[in-house]
file model-v4.csv (CSV, C-alpha atoms)
chain,number,residue,atom,x,y,z
N,1,MET,CA,99.4,165.1,13.8
N,2,LEU,CA,99.7,161.6,12.3
N,3,ARG,CA,102.8,160.9,14.4
N,4,LEU,CA,101.0,162.1,17.5
N,5,ARG,CA,98.0,159.9,16.7
N,6,SER,CA,100.3,156.9,16.1
N,7,ARG,CA,102.0,157.4,19.5
N,8,LEU,CA,98.7,157.8,21.3
N,9,ALA,CA,97.2,154.7,19.7
N,10,CYS,CA,100.4,152.7,20.3
N,11,CYS,CA,100.6,153.7,24.0
N,12,THR,CA,96.8,153.1,24.5
N,13,ALA,CA,97.2,149.6,23.0
N,14,ALA,CA,100.3,149.0,25.2
N,15,ALA,CA,98.5,150.2,28.4
N,16,VAL,CA,95.5,148.0,27.7
N,17,THR,CA,97.8,145.1,26.9
N,18,LEU,CA,99.6,145.4,30.2
N,19,LEU,CA,96.3,145.5,32.2
N,20,MET,CA,94.8,142.6,30.3
N,21,THR,CA,97.9,140.4,30.4
N,22,ALA,CA,98.3,140.9,34.2
N,23,ALA,CA,94.7,139.5,34.6
N,24,MET,CA,95.3,136.5,32.4
N,25,PRO,CA,97.1,133.2,33.0
N,26,ALA,CA,100.3,132.8,31.1
N,27,GLN,CA,100.1,130.8,27.9
N,28,ALA,CA,102.7,128.6,26.2
N,29,GLY,CA,105.2,130.6,24.2
N,30,ARG,CA,103.9,131.0,20.6
N,31,ILE,CA,107.4,131.6,19.2
N,32,GLU,CA,108.4,128.2,20.4
N,33,ASP,CA,105.2,126.7,19.0
N,34,ILE,CA,105.8,128.4,15.6
N,35,LYS,CA,109.4,127.1,15.4
N,36,THR,CA,108.4,123.6,16.4
N,37,ARG,CA,105.6,123.6,13.9
N,38,GLY,CA,108.0,124.8,11.2
N,39,TYR,CA,105.9,127.6,9.7
N,40,VAL,CA,104.0,130.7,10.8
N,41,ARG,CA,100.3,131.3,10.1
N,42,ILE,CA,99.7,134.9,9.1
N,43,GLY,CA,96.4,136.4,8.1
N,44,VAL,CA,96.5,138.9,5.3
N,45,SER,CA,93.7,140.7,3.5
N,46,LEU,CA,93.8,140.1,-0.3
N,47,GLY,CA,90.8,142.3,-1.0
N,48,GLY,CA,92.5,145.2,-2.7
N,49,GLU,CA,95.5,146.7,-4.3
N,50,PRO,CA,98.1,147.7,-3.2
N,51,ILE,CA,97.6,146.5,0.4
N,52,GLY,CA,97.0,142.8,-0.6
N,53,PHE,CA,95.8,141.0,-3.7
N,54,ARG,CA,96.6,138.1,-6.0
N,55,ASP,CA,98.9,138.4,-9.0
N,56,ASP,CA,98.5,136.7,-12.4
N,57,ARG,CA,99.8,133.4,-10.9
N,58,ASN,CA,97.2,133.7,-8.0
N,59,GLN,CA,100.0,134.3,-5.5
N,60,PRO,CA,99.5,136.8,-2.6
N,61,VAL,CA,101.3,140.1,-3.2
N,62,GLY,CA,101.0,143.7,-1.9
N,63,TYR,CA,102.4,145.9,0.8
N,64,ASP,CA,101.1,143.8,3.8
N,65,VAL,CA,102.2,140.6,2.1
N,66,ASP,CA,105.7,142.0,1.9
N,67,VAL,CA,105.7,142.9,5.6
N,68,ALA,CA,104.4,139.5,6.5
N,69,ARG,CA,107.1,137.8,4.5
N,70,GLN,CA,109.8,139.9,6.1
N,71,LEU,CA,108.4,139.1,9.6
N,72,ALA,CA,108.4,135.3,8.8
N,73,ALA,CA,112.0,135.6,7.6
N,74,ARG,CA,112.8,137.3,11.0
N,75,LEU,CA,111.2,134.3,12.7
N,76,GLY,CA,113.3,132.0,10.5
N,77,VAL,CA,110.4,130.0,9.2
N,78,PRO,CA,108.2,129.9,6.0
N,79,VAL,CA,104.8,131.6,6.0
N,80,ARG,CA,101.4,130.1,5.3
N,81,PHE,CA,98.9,132.8,4.4
N,82,SER,CA,95.2,132.9,5.1
N,83,ASP,CA,93.0,135.5,3.3
N,84,VAL,CA,91.1,137.3,6.0
N,85,SER,CA,89.0,140.5,6.2
N,86,GLY,CA,86.5,142.3,8.5
N,87,ASP,CA,85.6,140.5,11.7
N,88,ALA,CA,87.4,137.3,10.7
N,89,ARG,CA,90.8,139.0,11.2
N,90,ILE,CA,90.2,139.1,14.9
N,91,SER,CA,88.1,136.0,15.4
N,92,MET,CA,90.6,133.7,13.8
N,93,LEU,CA,93.4,135.0,16.0
N,94,ARG,CA,91.3,134.4,19.1
N,95,ALA,CA,90.4,130.9,17.9
N,96,ASN,CA,94.1,130.1,17.5
N,97,GLN,CA,93.7,129.6,13.8
N,98,LEU,CA,96.4,132.2,13.1
N,99,ASP,CA,99.6,133.3,14.8
N,100,LEU,CA,99.6,136.9,13.5
N,101,VAL,CA,97.5,139.2,11.4
N,102,VAL,CA,99.1,141.7,9.0
N,103,ALA,CA,95.8,142.8,7.3
N,104,ASN,CA,95.5,146.5,7.5
N,105,VAL,CA,94.0,146.4,11.0
N,106,SER,CA,93.4,149.8,12.6
N,107,ILE,CA,94.6,150.1,16.2
N,108,THR,CA,91.6,151.1,18.3
N,109,PRO,CA,91.0,150.9,22.1
N,110,GLN,CA,88.1,148.5,21.5
N,111,ARG,CA,90.2,146.1,19.5
N,112,ALA,CA,93.2,146.5,21.9
N,113,ARG,CA,91.0,145.0,24.7
N,114,ILE,CA,90.7,141.7,22.9
N,115,VAL,CA,94.0,141.4,20.9
N,116,ASP,CA,97.5,142.7,21.3
N,117,PHE,CA,98.9,145.2,18.7
N,118,SER,CA,102.4,145.9,17.7
N,119,ILE,CA,103.6,149.5,17.3
N,120,PRO,CA,102.3,150.9,14.0
N,121,TYR,CA,103.9,149.6,10.8
N,122,ASN,CA,101.6,151.8,8.6
N,123,ALA,CA,99.0,154.5,8.9
N,124,ALA,CA,96.1,155.7,6.8
N,125,GLY,CA,92.7,157.4,7.0
N,126,LEU,CA,89.3,156.8,5.5
N,127,ARG,CA,88.3,158.2,2.1
N,128,VAL,CA,85.2,158.2,0.0
N,129,LEU,CA,85.3,156.8,-3.6
N,130,SER,CA,82.3,157.6,-5.8
N,131,GLN,CA,80.9,157.4,-9.3
N,132,LYS,CA,81.8,160.7,-11.0
N,133,LYS,CA,78.2,160.9,-12.3
N,134,ALA,CA,76.8,160.7,-8.7
N,135,ARG,CA,78.2,164.2,-8.0
N,136,ILE,CA,79.0,163.4,-4.4
N,137,ARG,CA,81.0,166.2,-2.8
N,138,THR,CA,80.5,165.9,0.9
N,139,LEU,CA,79.8,163.2,3.5
N,140,ALA,CA,76.2,164.5,3.8
N,141,ASP,CA,75.7,163.7,0.1
N,142,LEU,CA,76.0,160.0,1.0
N,143,ASN,CA,72.7,160.1,2.8
N,144,GLY,CA,70.2,158.3,0.6
N,145,LYS,CA,73.0,156.9,-1.6
N,146,ARG,CA,74.0,153.3,-2.0
N,147,VAL,CA,77.4,153.0,-0.3
N,148,VAL,CA,79.7,150.0,-0.2
N,149,VAL,CA,81.4,149.3,3.1
N,150,GLY,CA,83.5,146.4,4.4
N,151,ARG,CA,81.6,144.3,7.0
N,152,GLY,CA,82.9,144.8,10.5
N,153,THR,CA,85.4,147.6,9.5
N,154,THR,CA,86.3,151.0,10.9
N,155,ALA,CA,84.8,152.5,7.8
N,156,SER,CA,81.4,150.9,8.6
N,157,ALA,CA,81.3,152.3,12.1
N,158,PHE,CA,82.4,155.8,10.9
N,159,LEU,CA,79.7,156.0,8.2
N,160,LYS,CA,76.9,155.0,10.5
N,161,LYS,CA,77.6,158.2,12.4
N,162,ALA,CA,78.6,160.5,9.5
N,163,ALA,CA,75.8,159.5,7.1
N,164,PRO,CA,73.2,157.5,9.0
N,165,GLN,CA,70.7,157.7,6.1
N,166,ALA,CA,73.1,156.1,3.6
N,167,GLN,CA,71.9,152.8,2.1
N,168,PHE,CA,74.6,150.4,3.3
N,169,ILE,CA,75.8,147.6,1.0
N,170,TYR,CA,78.1,145.3,2.9
N,171,ALA,CA,81.0,143.5,1.2
N,172,ASP,CA,83.2,140.9,2.8
N,173,SER,CA,86.1,142.5,0.9
N,174,PHE,CA,86.0,145.9,-0.6
N,175,SER,CA,88.1,144.7,-3.6
N,176,PRO,CA,87.1,142.8,-5.6
N,177,ASP,CA,83.5,142.6,-4.2
N,178,GLY,CA,82.9,146.3,-3.5
N,179,VAL,CA,84.8,147.5,-6.5
N,180,LEU,CA,82.8,145.1,-8.7
N,181,LEU,CA,79.5,146.6,-7.4
N,182,LEU,CA,80.8,150.1,-8.2
N,183,LEU,CA,82.0,149.1,-11.7
N,184,GLN,CA,78.5,147.6,-12.3
N,185,ARG,CA,77.0,150.9,-11.0
N,186,ARG,CA,75.1,148.9,-8.4
N,187,ALA,CA,76.5,151.3,-5.8
N,188,ASP,CA,77.0,155.1,-5.9
N,189,ALA,CA,80.0,155.2,-3.6
N,190,GLY,CA,82.2,153.3,-1.2
N,191,ILE,CA,84.2,154.2,1.9
N,192,GLU,CA,87.4,152.4,2.8
N,193,ASP,CA,91.1,152.9,3.6
N,194,SER,CA,92.4,156.0,1.8
N,195,SER,CA,95.5,154.2,0.4
N,196,LEU,CA,93.3,151.6,-1.3
N,197,LEU,CA,90.8,154.1,-2.7
N,198,ASP,CA,93.4,156.5,-4.0
N,199,TYR,CA,95.0,153.5,-5.8
N,200,MET,CA,91.6,152.4,-7.2
N,201,ALA,CA,90.7,155.9,-8.4
N,202,SER,CA,93.9,156.0,-10.4
N,203,LYS,CA,93.0,152.8,-12.2
N,204,TYR,CA,89.3,153.5,-13.1
N,205,ASP,CA,88.3,156.7,-14.9
N,206,GLN,CA,84.7,156.5,-13.8
N,207,PHE,CA,85.6,157.0,-10.1
N,208,GLU,CA,86.7,160.0,-8.1
N,209,THR,CA,87.6,160.5,-4.5
N,210,LEU,CA,86.6,163.2,-2.0
N,211,PRO,CA,89.7,165.2,-1.1
N,212,GLU,CA,89.1,164.9,2.6
N,213,MET,CA,90.7,162.1,4.6
N,214,TYR,CA,88.9,161.1,7.8
N,215,GLY,CA,90.9,160.0,10.9
N,216,ASN,CA,94.6,159.3,10.4
N,217,THR,CA,94.6,155.9,12.0
N,218,PRO,CA,97.7,153.9,12.9
N,219,ILE,CA,97.7,150.3,11.7
N,220,GLY,CA,99.4,147.5,13.7
N,221,ILE,CA,100.2,143.8,13.5
N,222,ALA,CA,97.7,141.9,15.6
N,223,MET,CA,98.1,138.8,17.8
N,224,ALA,CA,96.2,136.9,20.5
N,225,LYS,CA,96.7,138.2,24.0
N,226,GLY,CA,98.8,136.5,26.6
N,227,ASP,CA,102.3,136.3,25.1
N,228,PRO,CA,104.5,139.2,26.0
N,229,ALA,CA,107.5,137.5,24.3
N,230,LEU,CA,105.8,137.4,21.0
N,231,LEU,CA,104.6,141.0,21.3
N,232,ALA,CA,108.2,142.2,22.2
N,233,PHE,CA,109.6,140.2,19.2
N,234,VAL,CA,107.1,141.7,16.8
N,235,ASN,CA,107.6,145.2,18.2
N,236,GLY,CA,111.4,144.8,17.6
N,237,PHE,CA,110.8,143.7,14.1
N,238,VAL,CA,108.6,146.7,13.4
N,239,ALA,CA,111.1,149.1,15.0
N,240,ASP,CA,113.9,147.8,12.8
N,241,TYR,CA,111.5,147.8,9.7
N,242,ILE,CA,111.1,151.6,10.2
N,243,ARG,CA,114.6,152.5,11.3
N,244,SER,CA,116.3,150.5,8.5
N,245,GLY,CA,114.5,152.3,5.7
N,246,ALA,CA,112.6,149.1,4.7
N,247,TYR,CA,109.3,150.8,5.6
N,248,ALA,CA,109.9,153.8,3.3
N,249,ALA,CA,111.2,151.5,0.5
N,250,ASN,CA,108.2,149.1,0.7
N,251,TYR,CA,105.7,152.0,0.8
N,252,ARG,CA,107.2,153.6,-2.3
N,253,LYS,CA,107.3,150.2,-4.0
N,254,TRP,CA,103.5,150.0,-3.9
N,255,TRP,CA,102.4,153.7,-3.9
N,256,GLY,CA,105.0,155.1,-6.2
N,257,SER,CA,108.5,156.5,-5.9
N,258,LYS,CA,107.4,160.1,-5.3
N,259,THR,CA,105.0,159.2,-2.5
N,260,ALA,CA,105.7,160.4,1.0
N,261,PRO,CA,105.1,157.6,3.5
N,262,PRO,CA,103.1,158.5,6.6
N,263,ALA,CA,105.5,159.5,9.5
N,264,LEU,CA,105.9,156.6,12.0
N,265,THR,CA,107.9,156.3,15.1
N,266,PRO,CA,109.8,153.1,15.9
N,267,SER,CA,108.7,153.1,19.6
N,268,CYS,CA,106.0,154.4,21.9
N,269,GLN,CA,108.5,156.8,23.5
call {"tool": "encode", "arguments": {"input": "model-v4.csv", "output": "structure tokens"}}
result
Amino acid sequence: MLRLRSRLACCTAAAVTLLMTAAMPAQAGRIEDIKTRGYVRIGVSLGGEPIGFRDDRNQPVGYDVDVARQLAARLGVPVRFSDVSGDARISMLRANQLDLVVANVSITPQRARIVDFSIPYNAAGLRVLSQKKARIRTLADLNGKRVVVGRGTTASAFLKKAAPQAQFIYADSFSPDGVLLLLQRRADAGIEDSSLLDYMASKYDQFETLPEMYGNTPIGIAMAKGDPALLAFVNGFVADYIRSGAYAANYRKWWGSKTAPPALTPSCQ
């Protein structure tokens, strides 16, 4: 099912890209701009382990950071990171402040109308993390509870439909901001990417996760519209990343050697 969802989202994004690109004037090639500049500007979200965070030396690390570094190496230039989350991931692309975003961005038809997406390089669903003492067992139990959500995220949109009576507490980044609210017991629960919350639940004994995962959503590398050459280059990188075994190795590096990475296909075919 996850592989089917990934293919559908990939092809939906590709179809929207073709339609939108045909209606737009051609822009200067960004690959040439990147190489002339001498570095690539990539947005990553450093709001939570293991997707992206800062190590003891304050350096960016995590699954997405590794992907971004490999992509920069493929381009043959150093990378300069910007920490982005929520709405900023898309707005900075559109304002030409970033060349690419590798920041756990779910591929949706709405987003595919305003940015281009690569084929999926990762996939995840949403999960609920809660205080054990809150005794939250279902989505309905979130109604009336204080729930942390990332501003402008897929999780926020989902919860508005699933538990409209929840008391929303918006955080610019779920970790550390949302996690801190939970640690201080200023929130009863949070909803975010399943891979992040599974990881957090394993670190803090006061938390537990609901067993259900909501939506198996493919995640892509985002870029501004209007440059088919850059899109083809990034798609080629992701395809090789999956085929070569680098995807499985990187996933197990961050989620454990016994973890089964979500099934991905290296093309839209």
call {"tool": "closest_residue", "arguments": {"input": "model-v4.csv", "among": "N:Gly86, N:Gly125, N:Gly48, N:Pro78", "to": "Phe158 of chain N", "atoms": "only C-alpha atoms"}}
result
N:Gly125
call {"tool": "closest_residue", "arguments": {"input": "model-v4.csv", "among": "N:Pro261, N:Gly220, N:Pro176, N:Gly150", "to": "Gly52 of chain N", "atoms": "only C-alpha atoms"}}
result
N:Pro176
call {"tool": "atom_distance", "arguments": {"input": "model-v4.csv", "atom1": "atom CA of Phe117 of chain N", "atom2": "atom CA of Met223 of chain N"}}
result
6.5 Å
call {"tool": "closest_residue", "arguments": {"input": "model-v4.csv", "among": "N:Ser194, N:Gln131, N:Ser82, N:Thr36", "to": "Leu100 of chain N", "atoms": "all atoms listed in the file"}}
result
N:Ser82
call {"tool": "residues_around", "arguments": {"input": "model-v4.csv", "residues": "Tyr121 of chain N", "least_positions_apart": "2", "cutoff": "10 Å", "atoms": "all atoms listed in the file", "output": "number ranges by chain"}}
result
N: 6, 64, 67, 102, 104, 118-119, 123, 218-221, 235, 237-239, 241-242, 247, 262, 264-266
call {"tool": "closest_residue", "arguments": {"input": "model-v4.csv", "among": "N:Leu231, N:Gly178, N:Lys145, N:Arg127", "to": "Asp193 of chain N", "atoms": "all atoms listed in the file"}}
result
N:Arg127
call {"tool": "closest_residue", "arguments": {"input": "model-v4.csv", "among": "N:Ala162, N:Ile191, N:Leu129, N:Ala263", "to": "Val149 of chain N", "atoms": "all atoms listed in the file"}}
result
N:Ile191
call {"tool": "residues_around", "arguments": {"input": "model-v4.csv", "residues": "segment 140-143 of chain N", "least_positions_apart": "3", "cutoff": "12 Å", "atoms": "all atoms listed in the file", "output": "number ranges by chain"}}
result
N: 128-131, 134-137, 146-148, 159-168, 187-191, 210
call {"tool": "closest_residue", "arguments": {"input": "model-v4.csv", "among": "N:Met213, N:Ala103, N:Leu182, N:Val234", "to": "Thr138 of chain N", "atoms": "all atoms listed in the file"}}
result
N:Met213
call {"tool": "atom_distance", "arguments": {"input": "model-v4.csv", "atom1": "atom CA of Asp83 of chain N", "atom2": "atom CA of Pro109 of chain N"}}
result
24.4 Å
call {"tool": "atom_distance", "arguments": {"input": "model-v4.csv", "atom1": "atom CA of Pro228 of chain N", "atom2": "atom CA of Asp33 of chain N"}}
result
14.3 Å
